[in-house]
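One structure is given here, and the rest of the page talks about it.
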Amino acid sequence: MPYLQVHTVALAAAIDDYIRETLFRETFEPFEHEGWRLLLLQPIVDHIVKVFGLALVQAEDRAIHGETDVIHRRLSEVPKLAVRESASLEVTKCIYKRLPYPTRSGGLERAFIEWAQEDGGIEAFCKISESRHDFARLRYVKDDGMPAFYIPDFFARTSDAVYLVETKAQQQLGHPNVQRKLKAAATWCGRISALAPAMRSDRAWHYALVGESLFWEWKQKNARLAELLAFSRIRTVSPQQAQGHLAL
């Protein structure tokens with residue numbers, strides 16, 4: 001982060017103040033009675049890193065005033081994707097002729113591609129490439145306090161919405177980092193939906209986290225994928241809640 005490169009003195013002072021006044025919820029003097037030894041304990045170190053990692057990311061957020069400068073990005077900026085025929089499916093609702101899925105534990109993503117191709121409620125969709133579609137890279141703060149990037153699985157377009165979709169194994173839905181990604185993606189979609197309709201093709205943008213159990217339950221009942229996405233969409237998260245509020 002630029003903050004870490006040019007504001008190291010201010011950062012060190014903030015950490016020192018935090019340790020002395022806030023860390024233990026009472027005044028702490030590290031040089032009395034060898035109190036500094038407590039600061040060598042790994043849980044203490046991890047906690048400080050987590051707190052300041054989140055605080056630094058929040059410090060970079062800026063309130064937006066006036067008109068928004070919108071830059072439209074298109075999948076066609078990446079003219080083609082390199083895929084293996086044995087790990088991809090032929091589709092007609094995407095600018096790419098074939099869409100890939102993971103060779104290991106990729107059954108859910110493959111099933112999503114098949115269902116999206118079959119469902120008349122899905123007008124277009126695409127598997128997002130982690131290496132090529134960099135404009136879909138979202139920033140979030142991991143559970144350990146470190147900043148990271150997240151790229152969801154799919155874009156899917158219906159008659160009235162565009163969905164940013166993540167398919168996830170059932171046991172992973174409650175993982176802290178999955179929930180943090182959810183908040184970042186929902187906030188991102190909320191910002192797009194707040195634009196004038198003409199700037200977003202008159203469609204609302206939503207983030208849909210689709211668990212494996214719900215996916216197969218709806219599919220086996222011959223439901224519509226478009227309806228599942230509408231059901232699974234995450235309601236917009238306010239910026240203050242996007243990564244958790246922290247007061248230092």
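Labeling convention for the structure tokens: chains A, B, ... as they appear, residues from 1 per chain, ligands from 1 in order of appearance.
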Let's see if you can do this: from backbone DSSP, list all alpha helix (DSSP H) residues in range 4-138 of chain A, as a short mmCIF file (atom, residue, chain, number, x, y, z; two decimals) with N, CA and C atoms, in the first residue's frame.
```
data_model
loop_
_atom_site.label_atom_id
_atom_site.label_comp_id
_atom_site.auth_asym_id
_atom_site.auth_seq_id
_atom_site.Cartn_x
_atom_site.Cartn_y
_atom_site.Cartn_z
N LEU A 4 1.90 2.52 3.45
CA LEU A 4 3.00 1.84 4.12
C LEU A 4 4.34 2.34 3.63
N GLN A 5 4.40 2.87 2.41
CA GLN A 5 5.66 3.29 1.83
C GLN A 5 6.05 4.71 2.22
N VAL A 6 5.06 5.58 2.43
CA VAL A 6 5.39 6.98 2.64
C VAL A 6 4.95 7.52 4.00
N THR A 8 5.36 5.75 7.12
CA THR A 8 5.77 4.77 8.13
C THR A 8 5.90 5.38 9.52
N VAL A 9 6.32 6.64 9.61
CA VAL A 9 6.45 7.28 10.91
C VAL A 9 5.08 7.45 11.56
N ALA A 10 4.12 7.94 10.78
CA ALA A 10 2.76 8.12 11.30
C ALA A 10 2.14 6.78 11.67
N LEU A 11 2.41 5.76 10.86
CA LEU A 11 1.87 4.43 11.15
C LEU A 11 2.46 3.87 12.44
N ALA A 12 3.78 4.03 12.62
CA ALA A 12 4.43 3.55 13.84
C ALA A 12 3.87 4.27 15.07
N ALA A 13 3.61 5.56 14.93
CA ALA A 13 3.05 6.32 16.06
C ALA A 13 1.64 5.85 16.38
N ALA A 14 0.86 5.56 15.34
CA ALA A 14 -0.51 5.09 15.57
C ALA A 14 -0.52 3.73 16.25
N ILE A 15 0.39 2.85 15.83
CA ILE A 15 0.48 1.53 16.46
C ILE A 15 0.92 1.67 17.92
N ASP A 16 1.88 2.55 18.17
CA ASP A 16 2.34 2.77 19.54
C ASP A 16 1.20 3.27 20.43
N ASP A 17 0.43 4.23 19.91
CA ASP A 17 -0.71 4.75 20.68
C ASP A 17 -1.74 3.66 20.92
N TYR A 18 -1.99 2.86 19.91
CA TYR A 18 -2.98 1.78 20.03
C TYR A 18 -2.57 0.78 21.11
N ILE A 19 -1.28 0.41 21.11
CA ILE A 19 -0.78 -0.54 22.10
C ILE A 19 -0.89 0.02 23.51
N ARG A 20 -0.54 1.29 23.66
CA ARG A 20 -0.51 1.89 24.99
C ARG A 20 -1.91 2.22 25.54
N GLU A 21 -2.85 2.56 24.65
CA GLU A 21 -4.14 3.07 25.13
C GLU A 21 -5.34 2.17 24.88
N GLN A 42 2.32 -14.51 19.52
CA GLN A 42 1.77 -14.51 18.17
C GLN A 42 0.30 -14.07 18.10
N PRO A 43 -0.57 -14.48 19.04
CA PRO A 43 -1.95 -13.98 18.98
C PRO A 43 -2.05 -12.46 19.07
N ILE A 44 -1.16 -11.85 19.87
CA ILE A 44 -1.16 -10.39 19.99
C ILE A 44 -0.71 -9.76 18.68
N VAL A 45 0.35 -10.31 18.09
CA VAL A 45 0.84 -9.80 16.80
C VAL A 45 -0.24 -9.91 15.73
N ASP A 46 -0.88 -11.08 15.66
CA ASP A 46 -1.92 -11.30 14.65
C ASP A 46 -3.07 -10.32 14.82
N HIS A 47 -3.43 -10.05 16.07
CA HIS A 47 -4.54 -9.12 16.33
C HIS A 47 -4.19 -7.71 15.87
N ILE A 48 -2.99 -7.25 16.16
CA ILE A 48 -2.58 -5.91 15.76
C ILE A 48 -2.55 -5.79 14.24
N VAL A 49 -2.01 -6.81 13.58
CA VAL A 49 -1.97 -6.80 12.10
C VAL A 49 -3.38 -6.75 11.53
N LYS A 50 -4.28 -7.53 12.12
CA LYS A 50 -5.66 -7.56 11.63
C LYS A 50 -6.34 -6.20 11.80
N VAL A 51 -6.16 -5.59 12.96
CA VAL A 51 -6.79 -4.30 13.23
C VAL A 51 -6.27 -3.23 12.28
N PHE A 52 -4.95 -3.16 12.11
CA PHE A 52 -4.39 -2.09 11.29
C PHE A 52 -4.52 -2.37 9.80
N GLY A 53 -4.54 -3.64 9.41
CA GLY A 53 -4.79 -3.95 8.00
C GLY A 53 -6.15 -3.44 7.57
N LEU A 54 -7.15 -3.67 8.40
CA LEU A 54 -8.50 -3.19 8.10
C LEU A 54 -8.57 -1.67 8.16
N ALA A 55 -7.91 -1.08 9.15
CA ALA A 55 -7.95 0.38 9.29
C ALA A 55 -7.30 1.08 8.10
N LEU A 56 -6.21 0.53 7.58
CA LEU A 56 -5.53 1.14 6.45
C LEU A 56 -6.38 1.10 5.19
N VAL A 57 -7.06 -0.02 4.99
CA VAL A 57 -7.94 -0.11 3.82
C VAL A 57 -9.09 0.88 3.95
N GLN A 58 -9.66 0.98 5.13
CA GLN A 58 -10.75 1.94 5.34
C GLN A 58 -10.27 3.37 5.16
N ALA A 59 -9.01 3.64 5.54
CA ALA A 59 -8.47 4.99 5.42
C ALA A 59 -8.36 5.42 3.97
N GLU A 60 -8.27 4.46 3.05
CA GLU A 60 -8.16 4.79 1.63
C GLU A 60 -9.51 5.10 1.00
N GLY A 107 -17.35 -29.56 -10.53
CA GLY A 107 -18.66 -30.05 -10.93
C GLY A 107 -19.76 -29.01 -10.81
N LEU A 108 -19.70 -28.19 -9.77
CA LEU A 108 -20.74 -27.19 -9.56
C LEU A 108 -20.67 -26.11 -10.64
N GLU A 109 -19.48 -25.67 -10.98
CA GLU A 109 -19.33 -24.64 -12.02
C GLU A 109 -19.75 -25.19 -13.38
N ARG A 110 -19.41 -26.44 -13.66
CA ARG A 110 -19.84 -27.05 -14.92
C ARG A 110 -21.36 -27.11 -14.99
N ALA A 111 -21.98 -27.52 -13.89
CA ALA A 111 -23.45 -27.61 -13.86
C ALA A 111 -24.08 -26.23 -14.03
N PHE A 112 -23.44 -25.20 -13.48
CA PHE A 112 -23.97 -23.85 -13.64
C PHE A 112 -23.93 -23.44 -15.11
N ILE A 113 -22.83 -23.72 -15.79
CA ILE A 113 -22.71 -23.39 -17.21
C ILE A 113 -23.80 -24.10 -18.01
N GLU A 114 -24.00 -25.38 -17.74
CA GLU A 114 -25.02 -26.15 -18.46
C GLU A 114 -26.42 -25.58 -18.22
N TRP A 115 -26.71 -25.25 -16.98
CA TRP A 115 -28.04 -24.75 -16.65
C TRP A 115 -28.27 -23.36 -17.26
N ALA A 116 -27.24 -22.50 -17.19
CA ALA A 116 -27.36 -21.16 -17.77
C ALA A 116 -27.58 -21.23 -19.28
N GLN A 117 -26.93 -22.19 -19.92
CA GLN A 117 -27.09 -22.36 -21.36
C GLN A 117 -28.51 -22.81 -21.70
N GLU A 118 -29.10 -23.63 -20.85
CA GLU A 118 -30.43 -24.18 -21.12
C GLU A 118 -31.57 -23.24 -20.73
#
```
#### Entry: DSSP strand (DSSP E) residues within range 1-202 of chain A, as a PyMOL selection string
chain A and resi 88-90+98-100+124-127+138-141+147-150+154-157+161-168
Take the residues that were just selected and, keeping C-alpha atoms, output them as a compact mmCIF listing (two decimals), in the first residue's frame.
```txt
# COMPACT_ATOMS: atom_id res chain seq x y z
CA SER A 88 -14.70 -26.60 -21.14
CA LEU A 89 -18.22 -26.53 -22.58
CA GLU A 90 -19.52 -25.14 -25.85
CA ARG A 98 -16.34 -22.31 -25.00
CA LEU A 99 -16.27 -21.62 -21.27
CA PRO A 100 -13.87 -23.38 -18.89
CA ALA A 124 -26.15 -14.07 -21.57
CA PHE A 125 -23.49 -15.28 -19.16
CA CYS A 126 -19.74 -15.71 -18.87
CA LYS A 127 -17.21 -17.51 -16.71
CA LEU A 138 -12.61 -6.70 -6.27
CA ARG A 139 -10.63 -5.60 -3.25
CA TYR A 140 -11.50 -6.90 0.20
CA VAL A 141 -9.87 -7.43 3.60
CA PRO A 147 -5.84 -6.80 1.89
CA ALA A 148 -6.57 -9.15 -0.99
CA PHE A 149 -8.39 -9.40 -4.32
CA TYR A 150 -11.42 -11.47 -5.19
CA PHE A 154 -19.71 -15.71 -13.32
CA PHE A 155 -21.54 -12.80 -14.88
CA ALA A 156 -25.16 -13.59 -15.76
CA ARG A 157 -27.63 -11.27 -17.48
CA ALA A 161 -30.66 -7.56 -13.91
CA VAL A 162 -26.98 -8.40 -14.14
CA TYR A 163 -25.72 -10.86 -11.54
CA LEU A 164 -22.22 -11.30 -10.24
CA VAL A 165 -22.35 -14.95 -9.20
CA GLU A 166 -20.30 -17.06 -6.80
CA THR A 167 -20.99 -20.79 -6.59
CA LYS A 168 -19.73 -22.33 -3.38
```
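In this comparison, which uses only C-alpha atoms, the residue of A:Gln179, A:Ser159, A:Gln170, A:Ser201 approaching Leu214 in chain A most closely is A:Gln170.
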### Task
Using only C-alpha atoms, determine which residues lie at most 8 Å from Ile151 in chain A, disregarding the query and same-chain residues fewer than 5 positions distant; provide the list as a PyMOL selection string.
chain A and resi 128+130+136-138
For C-alpha atoms, I'd like the residues from the last selection saved as a PDB file, in the first residue's frame.
```pdb
ATOM      1  CA  ILE A 128     -14.935 -14.802 -15.355  1.00  0.00           C
ATOM      2  CA  GLU A 130      -9.045 -14.627 -13.012  1.00  0.00           C
ATOM      3  CA  ALA A 136     -13.831  -7.814 -12.271  1.00  0.00           C
ATOM      4  CA  ARG A 137     -11.175  -7.936  -9.553  1.00  0.00           C
ATOM      5  CA  LEU A 138     -12.615  -6.698  -6.268  1.00  0.00           C
TER       6      LEU A 138
END
```
### Task
Can you pull out every residue within 12 Å of Ala198 in chain A, counting only C-alpha atoms, but drop anything in the same chain fewer than 5 positions away, and send it as a PyMOL selection string?
chain A and resi 70+72+192-193+203-204
Could you write out that same residue set with N, CA and C atoms as a PDB file, in the first residue's frame?
```pdb
ATOM      1  N   VAL A  70     -17.898   7.519 -15.125  1.00  0.00           N
ATOM      2  CA  VAL A  70     -18.119   6.098 -15.371  1.00  0.00           C
ATOM      3  C   VAL A  70     -17.280   5.633 -16.558  1.00  0.00           C
ATOM      4  N   HIS A  72     -16.872   2.412 -18.872  1.00  0.00           N
ATOM      5  CA  HIS A  72     -17.480   1.137 -19.216  1.00  0.00           C
ATOM      6  C   HIS A  72     -16.407   0.154 -19.681  1.00  0.00           C
ATOM      7  N   ILE A 192     -22.930   0.266  -8.558  1.00  0.00           N
ATOM      8  CA  ILE A 192     -23.336   0.289  -9.964  1.00  0.00           C
ATOM      9  C   ILE A 192     -24.835   0.535 -10.073  1.00  0.00           C
ATOM     10  N   SER A 193     -25.613  -0.124  -9.242  1.00  0.00           N
ATOM     11  CA  SER A 193     -27.067   0.041  -9.290  1.00  0.00           C
ATOM     12  C   SER A 193     -27.496   1.458  -8.924  1.00  0.00           C
ATOM     13  N   ARG A 203     -30.552  -2.038 -16.137  1.00  0.00           N
ATOM     14  CA  ARG A 203     -30.607  -3.260 -15.326  1.00  0.00           C
ATOM     15  C   ARG A 203     -29.977  -3.007 -13.960  1.00  0.00           C
ATOM     16  N   ALA A 204     -30.576  -3.576 -12.941  1.00  0.00           N
ATOM     17  CA  ALA A 204     -29.976  -3.524 -11.604  1.00  0.00           C
ATOM     18  C   ALA A 204     -28.854  -4.555 -11.525  1.00  0.00           C
TER      19      ALA A 204
END
```
### Query
Taking into account only C-alpha atoms, which residue in the set A:Thr27, A:Ser105, A:Thr22, A:Ser129 is nearest to Leu75 in chain A?
A:Ser129
### Task
Pick out the closest residue to Val78 in chain A from this set: A:Ser131, A:Thr92, A:Thr103, A:Gln172. Count only C-alpha atoms.
A:Ser131
### Which residue of A:Arg180, A:Lys219, A:Arg25, A:Arg74 approaches Phe135 in chain A most closely, using only C-alpha atoms
A:Arg74
